[in-house]
$ cat upload_19.csv   # CSV, N, CA and C atoms
chain,number,residue,atom,x,y,z
W,22,MET,N,-15.0,43.6,74.1
W,22,MET,CA,-16.1,44.1,74.9
W,22,MET,C,-17.0,42.9,75.3
W,23,ASN,N,-17.4,42.8,76.5
W,23,ASN,CA,-18.3,41.7,76.9
W,23,ASN,C,-19.7,42.0,76.4
W,24,LYS,N,-20.3,41.0,75.8
W,24,LYS,CA,-21.6,41.2,75.2
W,24,LYS,C,-22.7,40.5,76.1
W,25,ILE,N,-22.6,40.9,77.4
W,25,ILE,CA,-23.5,40.3,78.4
W,25,ILE,C,-24.3,41.4,79.0
W,26,PRO,N,-25.6,41.3,79.2
W,26,PRO,CA,-26.4,42.4,79.8
W,26,PRO,C,-26.0,42.6,81.3
W,27,GLU,N,-25.6,41.6,82.0
W,27,GLU,CA,-25.2,41.8,83.4
W,27,GLU,C,-24.1,42.8,83.5
W,28,GLN,N,-23.2,42.9,82.6
W,28,GLN,CA,-22.1,43.8,82.8
W,28,GLN,C,-22.6,45.3,82.7
W,29,LEU,N,-23.6,45.5,81.8
W,29,LEU,CA,-24.2,46.8,81.7
W,29,LEU,C,-24.9,47.2,83.0
W,30,VAL,N,-25.6,46.3,83.6
W,30,VAL,CA,-26.3,46.5,84.8
W,30,VAL,C,-25.3,46.8,86.0
W,31,ILE,N,-24.3,46.0,86.0
W,31,ILE,CA,-23.2,46.2,87.1
W,31,ILE,C,-22.5,47.5,86.9
W,32,ASP,N,-22.2,47.9,85.6
W,32,ASP,CA,-21.6,49.2,85.3
W,32,ASP,C,-22.5,50.3,85.8
W,33,GLN,N,-23.8,50.2,85.7
W,33,GLN,CA,-24.7,51.2,86.2
W,33,GLN,C,-24.6,51.3,87.7
W,34,ALA,N,-24.5,50.2,88.4
W,34,ALA,CA,-24.4,50.2,89.8
W,34,ALA,C,-23.0,50.8,90.2
W,35,GLU,N,-21.9,50.4,89.6
W,35,GLU,CA,-20.6,50.9,89.9
W,35,GLU,C,-20.5,52.4,89.7
W,36,ASN,N,-21.2,52.9,88.7
W,36,ASN,CA,-21.1,54.3,88.3
W,36,ASN,C,-22.1,55.2,89.1
W,37,ASP,N,-23.0,54.6,89.9
W,37,ASP,CA,-23.9,55.3,90.7
W,37,ASP,C,-23.2,55.9,91.9
W,38,PRO,N,-23.2,57.2,92.1
W,38,PRO,CA,-22.4,57.8,93.1
W,38,PRO,C,-22.8,57.3,94.5
W,39,ASP,N,-24.1,57.0,94.8
W,39,ASP,CA,-24.5,56.5,96.1
W,39,ASP,C,-23.9,55.1,96.4
W,40,VAL,N,-23.9,54.2,95.4
W,40,VAL,CA,-23.3,52.9,95.5
W,40,VAL,C,-21.8,53.0,95.6
W,41,ALA,N,-21.2,53.8,94.7
W,41,ALA,CA,-19.7,53.9,94.7
W,41,ALA,C,-19.2,54.5,96.0
W,42,ALA,N,-20.0,55.4,96.7
W,42,ALA,CA,-19.5,56.0,97.9
W,42,ALA,C,-19.3,55.0,99.0
W,43,LEU,N,-20.1,53.9,99.0
W,43,LEU,CA,-19.9,52.9,100.0
W,43,LEU,C,-19.1,51.7,99.6
W,44,LEU,N,-19.1,51.3,98.3
W,44,LEU,CA,-18.4,50.2,97.9
W,44,LEU,C,-17.0,50.5,97.2
W,45,GLY,N,-16.9,51.6,96.6
W,45,GLY,CA,-15.6,52.0,96.0
W,45,GLY,C,-15.2,51.0,94.9
W,46,GLY,N,-16.1,50.5,94.2
W,46,GLY,CA,-15.7,49.5,93.1
W,46,GLY,C,-15.5,48.1,93.5
W,47,ARG,N,-15.8,47.8,94.8
W,47,ARG,CA,-15.7,46.4,95.3
W,47,ARG,C,-17.0,45.6,94.9
W,48,ILE,N,-17.2,45.4,93.6
W,48,ILE,CA,-18.3,44.6,93.1
W,48,ILE,C,-17.6,43.6,92.2
W,49,TYR,N,-17.7,42.3,92.5
W,49,TYR,CA,-17.0,41.2,91.9
W,49,TYR,C,-17.9,40.2,91.2
W,50,PRO,N,-17.5,39.7,90.0
W,50,PRO,CA,-18.3,38.6,89.4
W,50,PRO,C,-18.1,37.3,90.2
W,51,VAL,N,-19.2,36.7,90.6
W,51,VAL,CA,-19.3,35.3,91.2
W,51,VAL,C,-18.7,35.2,92.6
W,52,ILE,N,-17.4,35.5,92.7
W,52,ILE,CA,-16.7,35.4,94.0
W,52,ILE,C,-15.7,36.5,94.3
W,53,ALA,N,-15.7,37.0,95.5
W,53,ALA,CA,-14.8,38.1,95.8
W,53,ALA,C,-13.4,37.5,96.2
W,54,PRO,N,-12.4,38.3,95.9
W,54,PRO,CA,-11.0,37.8,96.4
W,54,PRO,C,-11.0,37.7,97.9
W,55,ALA,N,-10.2,36.8,98.4
W,55,ALA,CA,-10.1,36.6,99.9
W,55,ALA,C,-9.6,37.9,100.6
W,56,SER,N,-8.9,38.8,99.8
W,56,SER,CA,-8.4,40.0,100.4
W,56,SER,C,-9.4,41.2,100.3
W,57,ALA,N,-10.6,40.9,99.8
W,57,ALA,CA,-11.6,42.0,99.6
W,57,ALA,C,-12.0,42.6,101.0
W,58,ALA,N,-11.9,43.9,101.1
W,58,ALA,CA,-12.4,44.6,102.3
W,58,ALA,C,-13.9,44.7,102.3
W,59,LEU,N,-14.4,44.6,103.5
W,59,LEU,CA,-15.9,44.9,103.7
W,59,LEU,C,-16.1,46.4,103.6
W,60,PRO,N,-17.3,46.8,103.2
W,60,PRO,CA,-18.3,46.0,102.5
W,60,PRO,C,-17.9,45.8,101.0
W,61,PHE,N,-18.6,44.7,100.5
W,61,PHE,CA,-18.4,44.4,99.1
W,61,PHE,C,-19.6,43.7,98.6
W,62,ALA,N,-19.7,43.5,97.2
W,62,ALA,CA,-20.8,42.8,96.6
W,62,ALA,C,-20.3,41.9,95.6
W,63,THR,N,-21.0,40.8,95.3
W,63,THR,CA,-20.7,39.9,94.2
W,63,THR,C,-22.0,39.8,93.4
W,64,TRP,N,-21.8,39.4,92.1
W,64,TRP,CA,-23.0,39.2,91.2
W,64,TRP,C,-22.8,38.0,90.4
W,65,ARG,N,-23.9,37.4,90.0
W,65,ARG,CA,-23.8,36.1,89.2
W,65,ARG,C,-25.1,36.0,88.4
W,66,ARG,N,-25.0,35.4,87.3
W,66,ARG,CA,-26.2,35.0,86.4
W,66,ARG,C,-26.7,33.7,87.0
W,67,GLN,N,-28.0,33.8,87.4
W,67,GLN,CA,-28.7,32.6,87.9
W,67,GLN,C,-29.3,31.8,86.8
W,68,SER,N,-29.8,32.5,85.9
W,68,SER,CA,-30.5,31.8,84.8
W,68,SER,C,-30.8,32.7,83.6
W,69,VAL,N,-31.0,32.1,82.5
W,69,VAL,CA,-31.5,32.9,81.3
W,69,VAL,C,-32.7,32.1,80.7
W,70,THR,N,-33.7,32.9,80.5
W,70,THR,CA,-34.9,32.3,79.9
W,70,THR,C,-35.1,32.9,78.5
W,71,ARG,N,-35.2,32.0,77.5
W,71,ARG,CA,-35.4,32.4,76.1
W,71,ARG,C,-36.6,31.6,75.6
W,72,GLU,N,-37.7,32.3,75.6
W,72,GLU,CA,-39.0,31.7,75.2
W,72,GLU,C,-39.0,31.5,73.7
W,73,MET,N,-39.5,30.3,73.3
W,73,MET,CA,-39.5,29.9,71.9
W,73,MET,C,-40.9,29.5,71.5
W,74,THR,N,-41.1,29.6,70.2
W,74,THR,CA,-42.3,29.1,69.5
W,74,THR,C,-41.8,28.1,68.4
W,75,LEU,N,-42.7,27.5,67.8
W,75,LEU,CA,-42.4,26.6,66.7
W,75,LEU,C,-41.7,27.4,65.5
W,76,SER,N,-41.9,28.7,65.4
W,76,SER,CA,-41.3,29.5,64.4
W,76,SER,C,-40.1,30.2,64.8
W,77,GLY,N,-39.6,30.0,66.1
W,77,GLY,CA,-38.4,30.7,66.5
W,77,GLY,C,-38.6,31.4,67.8
W,78,PRO,N,-37.6,32.2,68.1
W,78,PRO,CA,-37.6,33.0,69.4
W,78,PRO,C,-38.8,33.9,69.5
W,79,LEU,N,-39.3,34.1,70.7
W,79,LEU,CA,-40.4,34.9,71.0
W,79,LEU,C,-40.0,35.9,72.0
W,80,GLY,N,-40.1,37.2,71.7
W,80,GLY,CA,-39.8,38.2,72.7
W,80,GLY,C,-38.3,38.4,72.9
W,81,VAL,N,-38.0,38.9,74.2
W,81,VAL,CA,-36.6,39.2,74.5
W,81,VAL,C,-36.1,38.2,75.6
W,82,PRO,N,-34.8,37.8,75.6
W,82,PRO,CA,-34.3,37.0,76.7
W,82,PRO,C,-34.4,37.7,78.0
W,83,THR,N,-34.6,36.9,79.1
W,83,THR,CA,-34.6,37.4,80.4
W,83,THR,C,-33.5,36.8,81.2
W,84,VAL,N,-32.6,37.6,81.8
W,84,VAL,CA,-31.5,37.1,82.7
W,84,VAL,C,-32.0,37.3,84.1
W,85,SER,N,-31.8,36.3,85.0
W,85,SER,CA,-32.0,36.4,86.4
W,85,SER,C,-30.6,36.7,87.0
W,86,LEU,N,-30.5,37.9,87.5
W,86,LEU,CA,-29.2,38.4,88.1
W,86,LEU,C,-29.2,38.5,89.6
W,87,ALA,N,-28.4,37.8,90.3
W,87,ALA,CA,-28.3,37.8,91.7
W,87,ALA,C,-27.2,38.7,92.2
W,88,ILE,N,-27.4,39.6,93.1
W,88,ILE,CA,-26.4,40.4,93.7
W,88,ILE,C,-26.4,40.2,95.2
W,89,ASP,N,-25.2,39.7,95.7
W,89,ASP,CA,-25.1,39.5,97.1
W,89,ASP,C,-24.2,40.6,97.7
W,90,ILE,N,-24.7,41.2,98.7
W,90,ILE,CA,-24.1,42.3,99.4
W,90,ILE,C,-23.7,41.9,100.8
W,91,TYR,N,-22.4,42.3,101.2
W,91,TYR,CA,-21.9,41.9,102.5
W,91,TYR,C,-21.4,43.1,103.2
W,92,ALA,N,-21.7,43.2,104.5
W,92,ALA,CA,-21.2,44.3,105.4
W,92,ALA,C,-21.1,43.8,106.8
W,93,GLU,N,-20.4,44.6,107.6
W,93,GLU,CA,-20.1,44.2,109.0
W,93,GLU,C,-21.4,44.4,109.9
W,94,SER,N,-22.3,45.3,109.5
W,94,SER,CA,-23.5,45.6,110.3
W,94,SER,C,-24.7,45.5,109.5
W,95,TYR,N,-25.8,45.2,110.2
W,95,TYR,CA,-27.1,45.1,109.5
W,95,TYR,C,-27.5,46.4,108.9
W,96,ALA,N,-27.3,47.5,109.6
W,96,ALA,CA,-27.6,48.8,109.1
W,96,ALA,C,-26.8,49.1,107.8
W,97,ALA,N,-25.6,48.8,107.8
W,97,ALA,CA,-24.7,49.0,106.6
W,97,ALA,C,-25.2,48.2,105.4
W,98,VAL,N,-25.4,46.9,105.6
W,98,VAL,CA,-25.8,46.1,104.5
W,98,VAL,C,-27.2,46.6,103.9
W,99,ARG,N,-28.1,47.0,104.8
W,99,ARG,CA,-29.4,47.5,104.3
W,99,ARG,C,-29.3,48.8,103.6
W,100,ASP,N,-28.4,49.7,104.0
W,100,ASP,CA,-28.1,50.9,103.3
W,100,ASP,C,-27.6,50.7,101.9
W,101,ILE,N,-26.7,49.8,101.8
W,101,ILE,CA,-26.1,49.5,100.5
W,101,ILE,C,-27.2,48.8,99.6
W,102,ALA,N,-28.0,47.9,100.2
W,102,ALA,CA,-29.0,47.3,99.4
W,102,ALA,C,-30.0,48.3,98.9
W,103,ASP,N,-30.4,49.3,99.7
W,103,ASP,CA,-31.3,50.3,99.3
W,103,ASP,C,-30.7,51.2,98.1
W,104,ARG,N,-29.4,51.4,98.2
W,104,ARG,CA,-28.7,52.2,97.1
W,104,ARG,C,-28.7,51.4,95.8
W,105,PHE,N,-28.4,50.1,95.9
W,105,PHE,CA,-28.5,49.2,94.7
W,105,PHE,C,-29.9,49.3,94.1
W,106,ARG,N,-30.9,49.1,94.9
W,106,ARG,CA,-32.3,49.1,94.4
W,106,ARG,C,-32.6,50.4,93.7
W,107,ALA,N,-32.2,51.5,94.3
W,107,ALA,CA,-32.4,52.9,93.7
W,107,ALA,C,-31.7,53.0,92.4
W,108,ALA,N,-30.5,52.4,92.3
W,108,ALA,CA,-29.7,52.6,91.1
W,108,ALA,C,-30.2,51.7,89.9
W,109,LEU,N,-30.7,50.5,90.3
W,109,LEU,CA,-31.0,49.5,89.3
W,109,LEU,C,-32.5,49.2,89.0
W,110,ASN,N,-33.3,49.3,89.9
W,110,ASN,CA,-34.7,49.0,89.7
W,110,ASN,C,-35.3,50.0,88.7
W,111,GLY,N,-35.7,49.5,87.5
W,111,GLY,CA,-36.3,50.4,86.5
W,111,GLY,C,-35.3,50.9,85.5
W,112,PHE,N,-34.0,50.5,85.7
W,112,PHE,CA,-32.9,50.9,84.7
W,112,PHE,C,-33.1,50.3,83.4
W,113,SER,N,-32.8,51.1,82.3
W,113,SER,CA,-32.7,50.6,81.0
W,113,SER,C,-31.5,51.4,80.3
W,114,GLY,N,-30.9,50.8,79.3
W,114,GLY,CA,-29.8,51.4,78.7
W,114,GLY,C,-29.1,50.5,77.6
W,115,SER,N,-28.1,51.0,77.0
W,115,SER,CA,-27.4,50.2,76.0
W,115,SER,C,-25.9,50.2,76.1
W,116,MET,N,-25.3,49.2,75.6
W,116,MET,CA,-23.8,49.1,75.6
W,116,MET,C,-23.4,49.1,74.1
W,117,GLY,N,-22.9,50.2,73.6
W,117,GLY,CA,-22.5,50.3,72.2
W,117,GLY,C,-23.6,49.8,71.3
W,118,ASN,N,-23.3,49.1,70.3
W,118,ASN,CA,-24.3,48.5,69.4
W,118,ASN,C,-24.6,47.1,69.7
W,119,TYR,N,-24.1,46.6,70.9
W,119,TYR,CA,-24.2,45.2,71.2
W,119,TYR,C,-25.4,44.8,72.0
W,120,ILE,N,-25.6,45.5,73.1
W,120,ILE,CA,-26.6,45.1,74.1
W,120,ILE,C,-27.6,46.2,74.4
W,121,GLN,N,-28.9,45.9,74.4
W,121,GLN,CA,-29.9,46.9,74.8
W,121,GLN,C,-30.7,46.2,75.9
W,122,VAL,N,-30.6,46.8,77.1
W,122,VAL,CA,-31.3,46.4,78.3
W,122,VAL,C,-32.7,47.2,78.3
W,123,ALA,N,-33.8,46.4,78.1
W,123,ALA,CA,-35.1,47.1,78.0
W,123,ALA,C,-35.5,47.5,79.4
W,124,ILE,N,-35.4,46.7,80.4
W,124,ILE,CA,-35.8,47.0,81.8
W,124,ILE,C,-35.1,46.1,82.8
W,125,VAL,N,-34.8,46.6,83.9
W,125,VAL,CA,-34.3,45.8,85.1
W,125,VAL,C,-35.4,46.0,86.2
W,126,SER,N,-35.8,44.8,86.7
W,126,SER,CA,-36.8,44.9,87.8
W,126,SER,C,-36.4,44.0,88.9
W,127,LEU,N,-36.5,44.5,90.2
W,127,LEU,CA,-36.2,43.8,91.3
W,127,LEU,C,-37.3,42.7,91.6
W,128,GLN,N,-36.9,41.5,91.7
W,128,GLN,CA,-37.8,40.4,91.8
W,128,GLN,C,-37.9,39.9,93.3
W,129,SER,N,-36.8,39.9,94.0
W,129,SER,CA,-36.8,39.5,95.4
W,129,SER,C,-35.6,40.0,96.1
W,130,GLU,N,-35.7,40.1,97.4
W,130,GLU,CA,-34.6,40.6,98.3
W,130,GLU,C,-34.7,39.8,99.6
W,131,SER,N,-33.6,39.3,100.1
W,131,SER,CA,-33.7,38.6,101.4
W,131,SER,C,-32.4,39.0,102.2
W,132,ASP,N,-32.6,39.0,103.5
W,132,ASP,CA,-31.5,39.3,104.5
W,132,ASP,C,-30.9,38.0,105.0
W,133,GLY,N,-29.7,38.1,105.4
W,133,GLY,CA,-29.1,36.9,106.0
W,133,GLY,C,-27.8,37.2,106.6
W,134,PHE,N,-27.0,36.2,107.0
W,134,PHE,CA,-25.6,36.3,107.4
W,134,PHE,C,-24.9,35.1,107.0
W,135,VAL,N,-23.6,35.3,106.8
W,135,VAL,CA,-22.7,34.3,106.3
W,135,VAL,C,-21.4,34.3,107.0
W,136,GLN,N,-20.7,33.1,107.0
W,136,GLN,CA,-19.4,33.0,107.5
W,136,GLN,C,-18.5,33.1,106.3
W,137,LEU,N,-17.7,34.1,106.1
W,137,LEU,CA,-16.8,34.2,105.0
W,137,LEU,C,-15.6,33.3,105.2
W,138,ALA,N,-14.9,33.1,104.1
W,138,ALA,CA,-13.7,32.2,104.1
W,138,ALA,C,-12.8,32.7,105.3
W,139,GLY,N,-12.2,31.7,106.0
W,139,GLY,CA,-11.4,32.1,107.2
W,139,GLY,C,-12.3,32.0,108.4
W,140,GLY,N,-12.6,30.8,108.8
W,140,GLY,CA,-13.6,30.5,109.9
W,140,GLY,C,-13.4,31.3,111.2
W,141,ASP,N,-12.2,31.9,111.4
W,141,ASP,CA,-12.0,32.6,112.6
W,141,ASP,C,-12.5,34.0,112.5
W,142,LEU,N,-13.0,34.4,111.3
W,142,LEU,CA,-13.6,35.8,111.2
W,142,LEU,C,-15.0,35.7,111.7
W,143,PRO,N,-15.5,36.8,112.2
W,143,PRO,CA,-16.9,36.9,112.7
W,143,PRO,C,-17.9,36.8,111.4
W,144,PRO,N,-19.1,36.3,111.6
W,144,PRO,CA,-20.1,36.3,110.5
W,144,PRO,C,-20.4,37.7,110.1
W,145,VAL,N,-20.8,37.9,108.8
W,145,VAL,CA,-21.1,39.2,108.3
W,145,VAL,C,-22.6,39.2,107.8
W,146,TYR,N,-23.2,40.3,107.8
W,146,TYR,CA,-24.6,40.4,107.3
W,146,TYR,C,-24.6,40.4,105.8
W,147,SER,N,-25.7,39.9,105.3
W,147,SER,CA,-25.8,39.9,103.8
W,147,SER,C,-27.2,40.2,103.4
W,148,VAL,N,-27.3,40.7,102.1
W,148,VAL,CA,-28.6,40.9,101.5
W,148,VAL,C,-28.4,40.3,100.1
W,149,THR,N,-29.3,39.5,99.6
W,149,THR,CA,-29.3,39.0,98.3
W,149,THR,C,-30.5,39.6,97.5
W,150,GLN,N,-30.2,40.3,96.4
W,150,GLN,CA,-31.2,40.8,95.6
W,150,GLN,C,-31.2,40.1,94.3
W,151,THR,N,-32.4,39.8,93.8
W,151,THR,CA,-32.5,39.1,92.5
W,151,THR,C,-33.3,40.0,91.5
W,152,TYR,N,-32.7,40.3,90.4
W,152,TYR,CA,-33.2,41.2,89.4
W,152,TYR,C,-33.5,40.4,88.1
W,153,ASN,N,-34.6,40.7,87.4
W,153,ASN,CA,-34.8,40.2,86.1
W,153,ASN,C,-34.4,41.3,85.1
W,154,VAL,N,-33.6,40.9,84.1
W,154,VAL,CA,-33.0,41.8,83.1
W,154,VAL,C,-33.6,41.4,81.8
W,155,LEU,N,-34.5,42.2,81.2
W,155,LEU,CA,-34.9,41.9,79.8
W,155,LEU,C,-34.0,42.7,78.9
W,156,TRP,N,-33.5,41.9,77.9
W,156,TRP,CA,-32.5,42.5,77.0
W,156,TRP,C,-32.6,42.0,75.6
W,157,GLN,N,-31.9,42.7,74.7
W,157,GLN,CA,-31.7,42.2,73.3
W,157,GLN,C,-30.3,42.5,72.9
W,158,SER,N,-29.8,41.6,72.0
W,158,SER,CA,-28.4,41.8,71.5
W,158,SER,C,-28.5,42.1,70.0
W,159,GLU,N,-27.5,42.8,69.6
W,159,GLU,CA,-27.3,43.2,68.2
W,159,GLU,C,-28.7,43.3,67.5
$ encode --input "upload_19.csv" --output "structure tokens"
Amino acid sequence: MNKIPEQLVIDQAENDPDVAALLGGRIYPVIAPASAALPFATWRRQSVTREMTLSGPLGVPTVSLAIDIYAESYAAVRDIADRFRAALNGFSGSMGNYIQVAIVSLQSESDGFVQLAGGDLPPVYSVTQTYNVLWQSE
């Protein structure tokens, strides 16, 4: 079992009926396969902050989790982004006895467009959401 808080957060998104209705499990770590059908999302750990004092760790670690969402239309990518936000912002939960996510909070969201691999394909719309995940392990 992965002992990473991001997996618990992504599991929450994948199991959310509103997100699943549009993505059908097409949420990939870091990079999507070239064969991935639109729409899809990728996720990656941007950073981990572990505050320390002279006597040791202070508080809980914070993971900065980026989720990139891609779709053929602006309306579609915004709809999916809204569903991710509803599923994840304010989420807390645990994964077995390994990971306890105290709170997930949306920190930023930006719209864009990208040219996916295969330069002959038309550009697609994107939304990048960045969440802070406060968590504890064991």
$ closest_atom_pairs --input "upload_19.csv" --of "stretch 32-76 of chain W" --to "stretch 92-100 of chain W" --cutoff "9 Å" --atoms "only C-alpha atoms" --output "Markdown table"
| residue | atom | partner | partner_atom | distance |
| --- | --- | --- | --- | --- |
| W:Leu59 | CA | W:Ala92 | CA | 5.6 |
| W:Pro60 | CA | W:Ala92 | CA | 4.4 |
| W:Phe61 | CA | W:Ala92 | CA | 6.9 |
| W:Ala62 | CA | W:Ala92 | CA | 8.9 |
$ write_last_selection --input "upload_19.csv" --atoms "N, CA and C atoms" --output "PDB file, in the coordinates of the input"
ATOM      1  N   LEU W  59     -14.400  44.600 103.500  1.00  0.00           N
ATOM      2  CA  LEU W  59     -15.900  44.900 103.700  1.00  0.00           C
ATOM      3  C   LEU W  59     -16.100  46.400 103.600  1.00  0.00           C
ATOM      4  N   PRO W  60     -17.300  46.800 103.200  1.00  0.00           N
ATOM      5  CA  PRO W  60     -18.300  46.000 102.500  1.00  0.00           C
ATOM      6  C   PRO W  60     -17.900  45.800 101.000  1.00  0.00           C
ATOM      7  N   PHE W  61     -18.600  44.700 100.500  1.00  0.00           N
ATOM      8  CA  PHE W  61     -18.400  44.400  99.100  1.00  0.00           C
ATOM      9  C   PHE W  61     -19.600  43.700  98.600  1.00  0.00           C
ATOM     10  N   ALA W  62     -19.700  43.500  97.200  1.00  0.00           N
ATOM     11  CA  ALA W  62     -20.800  42.800  96.600  1.00  0.00           C
ATOM     12  C   ALA W  62     -20.300  41.900  95.600  1.00  0.00           C
TER      13      ALA W  62
END
$ select_by_dssp --input "upload_19.csv" --residues "chain W" --states "helix (DSSP H, G or I)" --output "PyMOL selection string"
chain W and resi 26-36+38-44+95-109
$ residues_around --input "upload_19.csv" --residues "stretch 114-126 of chain W" --least-positions-apart "4" --cutoff "7 Å" --atoms "all atoms listed in the file" --output "PyMOL selection string"
chain W and resi 24-26+29+109-110+151-159
$ closest_residue --input "upload_19.csv" --among "W:Tyr49, W:Trp64, W:Phe134, W:Tyr146" --to "W:Asp89" --atoms "only N, CA and C atoms"
W:Trp64
$ atom_distance --input "upload_19.csv" --atom1 "atom CA of W:Ser129" --atom2 "atom C of W:Gln150"
5.7 Å
$ select_by_dssp --input "upload_19.csv" --residues "stretch 75-152 of chain W" --states "strand (DSSP E or B)" --output "ChimeraX atom specification"
/W:77-78,83-92,114-116,120-135,145-152
$ write_last_selection --input "upload_19.csv" --atoms "N, CA and C atoms" --output "tab-separated table (two decimals), keeping the file's coordinate frame"
chain	number	residue	atom	x	y	z
W	77	GLY	N	-39.60	30.00	66.10
W	77	GLY	CA	-38.40	30.70	66.50
W	77	GLY	C	-38.60	31.40	67.80
W	78	PRO	N	-37.60	32.20	68.10
W	78	PRO	CA	-37.60	33.00	69.40
W	78	PRO	C	-38.80	33.90	69.50
W	83	THR	N	-34.60	36.90	79.10
W	83	THR	CA	-34.60	37.40	80.40
W	83	THR	C	-33.50	36.80	81.20
W	84	VAL	N	-32.60	37.60	81.80
W	84	VAL	CA	-31.50	37.10	82.70
W	84	VAL	C	-32.00	37.30	84.10
W	85	SER	N	-31.80	36.30	85.00
W	85	SER	CA	-32.00	36.40	86.40
W	85	SER	C	-30.60	36.70	87.00
W	86	LEU	N	-30.50	37.90	87.50
W	86	LEU	CA	-29.20	38.40	88.10
W	86	LEU	C	-29.20	38.50	89.60
W	87	ALA	N	-28.40	37.80	90.30
W	87	ALA	CA	-28.30	37.80	91.70
W	87	ALA	C	-27.20	38.70	92.20
W	88	ILE	N	-27.40	39.60	93.10
W	88	ILE	CA	-26.40	40.40	93.70
W	88	ILE	C	-26.40	40.20	95.20
W	89	ASP	N	-25.20	39.70	95.70
W	89	ASP	CA	-25.10	39.50	97.10
W	89	ASP	C	-24.20	40.60	97.70
W	90	ILE	N	-24.70	41.20	98.70
W	90	ILE	CA	-24.10	42.30	99.40
W	90	ILE	C	-23.70	41.90	100.80
W	91	TYR	N	-22.40	42.30	101.20
W	91	TYR	CA	-21.90	41.90	102.50
W	91	TYR	C	-21.40	43.10	103.20
W	92	ALA	N	-21.70	43.20	104.50
W	92	ALA	CA	-21.20	44.30	105.40
W	92	ALA	C	-21.10	43.80	106.80
W	114	GLY	N	-30.90	50.80	79.30
W	114	GLY	CA	-29.80	51.40	78.70
W	114	GLY	C	-29.10	50.50	77.60
W	115	SER	N	-28.10	51.00	77.00
W	115	SER	CA	-27.40	50.20	76.00
W	115	SER	C	-25.90	50.20	76.10
W	116	MET	N	-25.30	49.20	75.60
W	116	MET	CA	-23.80	49.10	75.60
W	116	MET	C	-23.40	49.10	74.10
W	120	ILE	N	-25.60	45.50	73.10
W	120	ILE	CA	-26.60	45.10	74.10
W	120	ILE	C	-27.60	46.20	74.40
W	121	GLN	N	-28.90	45.90	74.40
W	121	GLN	CA	-29.90	46.90	74.80
W	121	GLN	C	-30.70	46.20	75.90
W	122	VAL	N	-30.60	46.80	77.10
W	122	VAL	CA	-31.30	46.40	78.30
W	122	VAL	C	-32.70	47.20	78.30
W	123	ALA	N	-33.80	46.40	78.10
W	123	ALA	CA	-35.10	47.10	78.00
W	123	ALA	C	-35.50	47.50	79.40
W	124	ILE	N	-35.40	46.70	80.40
W	124	ILE	CA	-35.80	47.00	81.80
W	124	ILE	C	-35.10	46.10	82.80
W	125	VAL	N	-34.80	46.60	83.90
W	125	VAL	CA	-34.30	45.80	85.10
W	125	VAL	C	-35.40	46.00	86.20
W	126	SER	N	-35.80	44.80	86.70
W	126	SER	CA	-36.80	44.90	87.80
W	126	SER	C	-36.40	44.00	88.90
W	127	LEU	N	-36.50	44.50	90.20
W	127	LEU	CA	-36.20	43.80	91.30
W	127	LEU	C	-37.30	42.70	91.60
W	128	GLN	N	-36.90	41.50	91.70
W	128	GLN	CA	-37.80	40.40	91.80
W	128	GLN	C	-37.90	39.90	93.30
W	129	SER	N	-36.80	39.90	94.00
W	129	SER	CA	-36.80	39.50	95.40
W	129	SER	C	-35.60	40.00	96.10
W	130	GLU	N	-35.70	40.10	97.40
W	130	GLU	CA	-34.60	40.60	98.30
W	130	GLU	C	-34.70	39.80	99.60
W	131	SER	N	-33.60	39.30	100.10
W	131	SER	CA	-33.70	38.60	101.40
W	131	SER	C	-32.40	39.00	102.20
W	132	ASP	N	-32.60	39.00	103.50
W	132	ASP	CA	-31.50	39.30	104.50
W	132	ASP	C	-30.90	38.00	105.00
W	133	GLY	N	-29.70	38.10	105.40
W	133	GLY	CA	-29.10	36.90	106.00
W	133	GLY	C	-27.80	37.20	106.60
W	134	PHE	N	-27.00	36.20	107.00
W	134	PHE	CA	-25.60	36.30	107.40
W	134	PHE	C	-24.90	35.10	107.00
W	135	VAL	N	-23.60	35.30	106.80
W	135	VAL	CA	-22.70	34.30	106.30
W	135	VAL	C	-21.40	34.30	107.00
W	145	VAL	N	-20.80	37.90	108.80
W	145	VAL	CA	-21.10	39.20	108.30
W	145	VAL	C	-22.60	39.20	107.80
W	146	TYR	N	-23.20	40.30	107.80
W	146	TYR	CA	-24.60	40.40	107.30
W	146	TYR	C	-24.60	40.40	105.80
W	147	SER	N	-25.70	39.90	105.30
W	147	SER	CA	-25.80	39.90	103.80
W	147	SER	C	-27.20	40.20	103.40
W	148	VAL	N	-27.30	40.70	102.10
W	148	VAL	CA	-28.60	40.90	101.50
W	148	VAL	C	-28.40	40.30	100.10
W	149	THR	N	-29.30	39.50	99.60
W	149	THR	CA	-29.30	39.00	98.30
W	149	THR	C	-30.50	39.60	97.50
W	150	GLN	N	-30.20	40.30	96.40
W	150	GLN	CA	-31.20	40.80	95.60
W	150	GLN	C	-31.20	40.10	94.30
W	151	THR	N	-32.40	39.80	93.80
W	151	THR	CA	-32.50	39.10	92.50
W	151	THR	C	-33.30	40.00	91.50
W	152	TYR	N	-32.70	40.30	90.40
W	152	TYR	CA	-33.20	41.20	89.40
W	152	TYR	C	-33.50	40.40	88.10
$ atom_distance --input "upload_19.csv" --atom1 "atom CA of W:Val84" --atom2 "atom CA of W:Arg66"
6.8 Å
$ atom_distance --input "upload_19.csv" --atom1 "atom N of W:Leu43" --atom2 "atom CA of W:Arg104"
9.0 Å
$ residues_around --input "upload_19.csv" --residues "W:Arg71" --least-positions-apart "5" --cutoff "8 Å" --atoms "only C-alpha atoms" --output "PyMOL selection string"
chain W and resi 78-79+81-83
$ residues_near_point --input "upload_19.csv" --point "(-17.8, 45.2, 92.2)" --cutoff "8 Å" --atoms "all atoms listed in the file" --output "ChimeraX atom specification"
/W:31,34-35,44-50,61-64
$ closest_residue --input "upload_19.csv" --among "W:Arg65, W:Phe112, W:Phe105, W:Ala55" --to "W:Ile88" --atoms "all atoms listed in the file"
W:Arg65
$ residues_near_point --input "upload_19.csv" --point "(-23.1, 35.5, 109.4)" --cutoff "10 Å" --atoms "only C-alpha atoms" --output "list in words"
Tyr91, Ala92, Glu93, Gly133, Phe134, Val135, Gln136, Leu137, Leu142, Pro143, Pro144, Val145, Tyr146 and Ser147 of chain W
